[in-house]
file query_15.csv (CSV, C-alpha atoms)
chain,number,residue,atom,x,y,z
A,12,SER,CA,26.3,11.2,3.4
A,13,THR,CA,22.9,10.6,1.7
A,14,GLY,CA,21.2,9.5,4.9
A,15,LEU,CA,20.8,6.0,3.4
A,16,ASP,CA,23.9,4.4,4.9
A,17,ALA,CA,21.8,2.0,6.9
A,18,VAL,CA,19.4,1.1,4.0
A,19,VAL,CA,19.5,-2.5,2.7
A,20,PRO,CA,18.3,-2.6,-0.9
A,21,VAL,CA,16.2,-5.6,-1.9
A,22,TYR,CA,15.3,-6.0,-5.5
A,23,LEU,CA,12.1,-7.6,-6.7
A,24,ASP,CA,9.9,-7.8,-9.8
A,25,VAL,CA,6.3,-7.0,-8.9
A,26,THR,CA,5.1,-8.4,-12.3
A,27,LYS,CA,5.9,-11.8,-10.7
A,28,PRO,CA,4.2,-12.5,-7.4
A,29,GLU,CA,6.8,-15.2,-6.6
A,30,SER,CA,9.4,-12.5,-6.6
A,31,VAL,CA,7.6,-11.0,-3.5
A,32,GLU,CA,8.2,-14.2,-1.6
A,33,ALA,CA,11.9,-14.1,-2.5
A,34,ALA,CA,12.1,-10.5,-1.3
A,35,PHE,CA,10.6,-11.5,2.1
A,36,ARG,CA,13.0,-14.3,2.4
A,37,GLU,CA,15.9,-12.0,1.7
A,38,VAL,CA,14.7,-9.4,4.2
A,39,GLU,CA,14.3,-12.1,6.9
A,40,SER,CA,17.8,-13.4,6.3
A,41,LYS,CA,19.4,-9.9,6.5
A,42,LEU,CA,17.2,-8.1,9.0
A,43,GLY,CA,14.7,-10.5,10.5
A,44,ILE,CA,11.0,-10.8,10.0
A,45,PRO,CA,9.5,-7.4,9.1
A,46,ASN,CA,6.8,-6.0,11.3
A,47,VAL,CA,6.0,-3.2,8.9
A,48,VAL,CA,5.4,-3.7,5.2
A,49,VAL,CA,4.6,-1.1,2.6
A,50,TYR,CA,3.4,-2.1,-0.9
A,51,ASN,CA,4.2,0.9,-3.1
A,52,ALA,CA,3.7,-0.3,-6.7
A,53,ALA,CA,1.3,0.4,-9.5
A,54,ALA,CA,0.8,-0.3,-13.2
A,55,PHE,CA,-1.3,1.6,-15.6
A,56,THR,CA,-2.2,1.1,-19.3
A,57,MET,CA,-3.8,4.1,-21.1
A,58,PRO,CA,-6.7,3.1,-23.3
A,59,PRO,CA,-6.1,3.9,-27.0
A,60,ASP,CA,-9.2,6.2,-26.8
A,61,ALA,CA,-10.1,8.0,-23.5
A,62,ASN,CA,-13.8,7.4,-24.4
A,63,ASP,CA,-13.2,3.6,-24.9
A,64,PRO,CA,-11.8,2.2,-21.6
A,65,PHE,CA,-12.5,-1.3,-22.7
A,66,GLY,CA,-10.2,-0.8,-25.7
A,67,VAL,CA,-7.3,-1.9,-23.5
A,68,PRO,CA,-6.1,-5.3,-24.6
A,69,THR,CA,-6.9,-8.2,-22.2
A,70,ALA,CA,-3.3,-9.1,-21.9
A,71,SER,CA,-2.4,-5.5,-20.8
A,72,PHE,CA,-5.3,-5.6,-18.3
A,73,GLU,CA,-4.0,-8.9,-16.8
A,74,GLN,CA,-0.4,-7.7,-16.6
A,75,ASP,CA,-1.5,-4.5,-14.7
A,76,LEU,CA,-3.8,-6.5,-12.4
A,77,VAL,CA,-0.8,-8.7,-11.3
A,78,VAL,CA,1.1,-5.6,-10.2
A,79,ASN,CA,-1.8,-3.8,-8.7
A,80,ALA,CA,-3.4,-6.7,-6.9
A,81,SER,CA,-1.8,-10.1,-7.2
A,82,SER,CA,1.6,-9.1,-6.0
A,83,ALA,CA,0.0,-7.0,-3.3
A,84,TYR,CA,-1.8,-10.1,-2.1
A,85,ALA,CA,1.5,-12.0,-2.1
A,86,GLY,CA,2.8,-9.2,0.2
A,87,LEU,CA,-0.3,-9.5,2.4
A,88,TYR,CA,0.2,-13.3,2.6
A,89,HIS,CA,3.9,-13.1,3.6
A,90,ALA,CA,3.4,-10.1,5.9
A,91,THR,CA,0.6,-11.7,7.9
A,92,GLN,CA,2.6,-15.0,8.2
A,93,GLY,CA,5.5,-12.9,9.5
A,94,PHE,CA,3.2,-11.1,12.0
A,95,LEU,CA,2.0,-14.4,13.3
A,96,ALA,CA,5.5,-15.7,13.7
A,97,LEU,CA,6.6,-12.5,15.5
A,98,LYS,CA,3.6,-12.6,17.8
A,99,ALA,CA,4.3,-16.2,18.7
A,100,LYS,CA,7.8,-15.3,19.7
A,101,SER,CA,6.8,-12.3,21.8
A,102,LYS,CA,6.4,-13.2,25.4
A,103,ASP,CA,4.9,-9.9,26.4
A,104,ASP,CA,2.6,-8.3,23.8
A,105,SER,CA,2.2,-5.2,25.9
A,106,GLY,CA,5.5,-3.9,24.6
A,107,ALA,CA,5.5,-5.5,21.2
A,108,SER,CA,6.3,-3.7,18.0
A,109,PRO,CA,3.4,-2.6,15.8
A,110,TYR,CA,2.3,-4.9,13.0
A,111,VAL,CA,1.4,-2.8,10.0
A,112,TYR,CA,0.7,-3.3,6.3
A,113,ILE,CA,0.3,-0.1,4.2
A,114,ALA,CA,-0.7,-0.1,0.6
A,115,THR,CA,-0.2,3.1,-1.4
A,116,GLY,CA,-3.4,3.7,-3.2
A,117,ASN,CA,-5.5,6.4,-4.8
A,118,VAL,CA,-9.2,7.3,-5.1
A,119,THR,CA,-9.8,5.4,-8.3
A,120,PRO,CA,-11.7,2.6,-6.5
A,121,PHE,CA,-14.1,5.2,-5.1
A,122,GLN,CA,-14.2,7.7,-8.0
A,123,PRO,CA,-14.3,5.9,-11.3
A,124,ASN,CA,-12.1,7.3,-14.1
A,125,PRO,CA,-12.5,5.6,-17.5
A,126,VAL,CA,-8.8,6.4,-18.4
A,127,ALA,CA,-7.6,4.5,-15.3
A,128,VAL,CA,-9.5,1.3,-16.1
A,129,THR,CA,-6.6,-1.0,-15.4
A,130,LEU,CA,-5.2,1.0,-12.5
A,131,GLY,CA,-8.6,1.5,-10.8
A,132,SER,CA,-9.6,-2.1,-11.2
A,133,GLY,CA,-6.5,-3.4,-9.5
A,134,LYS,CA,-6.6,-0.7,-6.7
A,135,ALA,CA,-10.2,-1.6,-6.1
A,136,ALA,CA,-9.2,-5.2,-5.5
A,137,LEU,CA,-6.4,-4.1,-3.3
A,138,ALA,CA,-8.7,-1.8,-1.3
A,139,TYR,CA,-11.0,-4.8,-0.7
A,140,LEU,CA,-8.2,-6.9,0.5
A,141,ILE,CA,-7.0,-4.2,2.9
A,142,SER,CA,-10.6,-3.8,4.3
A,143,VAL,CA,-10.8,-7.6,4.8
A,144,GLY,CA,-7.4,-7.6,6.6
A,145,ALA,CA,-8.5,-4.7,8.9
A,146,LEU,CA,-11.7,-6.6,9.8
A,147,ALA,CA,-10.2,-10.1,10.1
A,148,TYR,CA,-7.0,-9.3,12.0
A,149,ASN,CA,-8.3,-6.5,14.2
A,150,ALA,CA,-8.4,-8.6,17.4
A,151,ALA,CA,-4.8,-9.8,16.7
A,152,GLY,CA,-3.6,-6.2,16.6
A,153,TYR,CA,-2.5,-6.2,13.0
A,154,ARG,CA,-3.2,-2.9,11.2
A,155,PHE,CA,-4.0,-2.5,7.5
A,156,TYR,CA,-4.2,0.8,5.5
A,157,PHE,CA,-5.1,1.8,2.0
A,158,THR,CA,-3.7,5.4,1.6
A,159,SER,CA,-4.8,8.0,-0.9
A,160,GLN,CA,-3.4,11.5,-1.3
A,161,VAL,CA,-6.4,13.7,-2.3
A,162,THR,CA,-7.1,17.3,-3.0
A,163,ALA,CA,-8.7,19.6,-0.5
A,164,ASP,CA,-12.1,18.7,-1.8
A,165,GLY,CA,-11.3,14.9,-1.8
A,166,GLY,CA,-10.6,14.5,-5.5
A,167,ALA,CA,-7.8,12.8,-7.3
A,168,VAL,CA,-4.4,14.5,-7.1
A,169,PRO,CA,-2.7,15.4,-10.4
A,170,TYR,CA,0.3,13.1,-10.9
A,171,HIS,CA,2.8,16.0,-10.7
A,172,ASP,CA,1.4,17.0,-7.2
A,173,VAL,CA,1.8,13.5,-5.7
A,174,SER,CA,4.3,13.8,-2.9
A,175,GLY,CA,6.6,10.9,-2.0
A,176,GLU,CA,7.9,12.8,0.9
A,177,ALA,CA,4.4,13.4,2.3
A,178,HIS,CA,3.6,9.7,1.9
A,179,GLY,CA,6.7,8.8,3.9
A,180,ASP,CA,5.8,11.3,6.6
A,181,LEU,CA,2.3,9.9,6.8
A,182,TYR,CA,3.5,6.3,6.9
A,183,TRP,CA,5.9,7.0,9.8
A,184,LYS,CA,3.1,8.6,11.7
A,185,VAL,CA,0.7,5.7,11.0
A,186,VAL,CA,3.2,3.1,12.2
A,187,ASN,CA,3.7,5.1,15.4
A,188,GLY,CA,0.0,5.4,16.0
A,189,GLU,CA,-0.2,9.2,15.4
A,190,MET,CA,-2.5,8.9,12.4
A,191,GLY,CA,-4.8,6.4,10.8
A,192,LEU,CA,-6.9,5.8,13.9
A,193,SER,CA,-10.2,6.1,12.0
A,194,GLY,CA,-9.8,3.0,9.9
A,195,TRP,CA,-8.2,1.3,6.9
A,196,ASP,CA,-9.3,3.9,4.2
A,197,LEU,CA,-6.8,6.6,5.0
A,198,ARG,CA,-7.1,9.7,2.8
A,199,PHE,CA,-4.9,12.7,3.3
A,200,VAL,CA,-4.2,16.2,2.1
A,201,VAL,CA,-0.7,17.8,1.8
A,202,ASN,CA,-0.9,21.4,3.0
A,203,SER,CA,1.1,24.4,1.7
A,204,ASP,CA,4.1,23.7,3.9
A,205,GLY,CA,4.2,20.0,2.9
A,206,GLY,CA,2.6,18.6,6.1
A,207,VAL,CA,0.0,15.9,6.0
A,208,ILE,CA,-3.6,16.3,7.2
A,209,GLU,CA,-6.0,13.3,7.5
A,210,ARG,CA,-9.2,14.0,5.6
A,211,GLU,CA,-12.7,12.9,6.4
A,212,LYS,CA,-14.3,10.6,3.7
call {"tool": "encode", "arguments": {"input": "query_15.csv", "output": "structure tokens"}}
result
Amino acid sequence: STGLDAVVPVYLDVTKPESVEAAFREVESKLGIPNVVVYNAAAFTMPPDANDPFGVPTASFEQDLVVNASSAYAGLYHATQGFLALKAKSKDDSGASPYVYIATGNVTPFQPNPVAVTLGSGKAALAYLISVGALAYNAAGYRFYFTSQVTADGGAVPYHDVSGEAHGDLYWKVVNGEMGLSGWDLRFVVNSDGGVIEREK
């Protein structure tokens, strides 16, 4: 067994925000309204010259922005609509499931990198949306996170060191209220044994 026997695959095209809505409808029809949503998508166009970030064609910038921000917003829209519906159905909020939206991010919104001009621009927009969600829906009990794996000194992690397993471990702990208690901007380090440690900004 692969351990994925209970997994229900749902296919979507994050270059098309309308595909996100279709994915939510499919999940709702098969499993019910989701109370935890993770947006784990990114698009990146390398500039033709590392010293000329604005050499990226406008069309490429726009395509990447759709993946990095517009489809993420579609996810936020449908997730919060679902949270509202779930909360309305709940007769006793004291034992309600958590309402959580997690966006997989990186530090490009906070540490500009000319090579990552399309990725950083979209992630910066997404980080802003997450910060707005954390502020606006705090009283309702909805939680929003922009997560960034960082190095021990808080810098960007080389691509080959990004750990999907560590992200999954972190997200499970966030959903269960074990991590992410200090706010929406959640940066973490992966230690030598693969464990995750929340890092101060």
call {"tool": "closest_residue", "arguments": {"input": "query_15.csv", "among": "A:Val38, A:Ala53, A:Val168, A:Val21", "to": "Gly93 in chain A", "atoms": "only C-alpha atoms"}}
result
A:Val38
call {"tool": "atom_distance", "arguments": {"input": "query_15.csv", "atom1": "CA of Asn51 in chain A", "atom2": "CA of Gly116 in chain A"}}
result
8.1 Å
call {"tool": "residues_near_point", "arguments": {"input": "query_15.csv", "point": "(-1.8, -7.7, -4.9)", "cutoff": "12 Å", "atoms": "all atoms listed in the file", "output": "PyMOL selection string"}}
result
chain A and resi 25-29+31+49-54+74-89+114-116+132-141
call {"tool": "atom_distance", "arguments": {"input": "query_15.csv", "atom1": "CA of Val186 in chain A", "atom2": "CA of Pro109 in chain A"}}
result
6.7 Å
call {"tool": "residues_around", "arguments": {"input": "query_15.csv", "residues": "Phe72 in chain A", "least_positions_apart": "4", "cutoff": "8 Å", "atoms": "only C-alpha atoms", "output": "list in words"}}
result
Thr56, Val67, Pro68, Leu76 and Thr129 of chain A
call {"tool": "write_last_selection", "arguments": {"input": "query_15.csv", "atoms": "C-alpha atoms", "output": "JSON list (two decimals), in the frame of the given file"}}
result
[["chain", "number", "residue", "atom", "x", "y", "z"],
["A", 56, "THR", "CA", -2.20, 1.10, -19.30],
["A", 67, "VAL", "CA", -7.30, -1.90, -23.50],
["A", 68, "PRO", "CA", -6.10, -5.30, -24.60],
["A", 76, "LEU", "CA", -3.80, -6.50, -12.40],
["A", 129, "THR", "CA", -6.60, -1.00, -15.40]]
call {"tool": "closest_residue", "arguments": {"input": "query_15.csv", "among": "A:Tyr22, A:Phe55, A:Tyr112, A:Tyr156", "to": "Gly191 in chain A", "atoms": "only C-alpha atoms"}}
result
A:Tyr156
call {"tool": "atom_distance", "arguments": {"input": "query_15.csv", "atom1": "CA of Ala163 in chain A", "atom2": "CA of His178 in chain A"}}
result
16.0 Å
call {"tool": "closest_residue", "arguments": {"input": "query_15.csv", "among": "A:Val47, A:Leu15, A:Val201, A:Ala61", "to": "Asp164 in chain A", "atoms": "all atoms listed in the file"}}
result
A:Val201
call {"tool": "closest_residue", "arguments": {"input": "query_15.csv", "among": "A:Glu32, A:Gly205, A:Asp16, A:Gly188", "to": "Ser174 in chain A", "atoms": "only C-alpha atoms"}}
result
A:Gly205
call {"tool": "residues_near_point", "arguments": {"input": "query_15.csv", "point": "(6.8, 3.5, 8.8)", "cutoff": "9 Å", "atoms": "only C-alpha atoms", "output": "count of residues only"}}
result
14
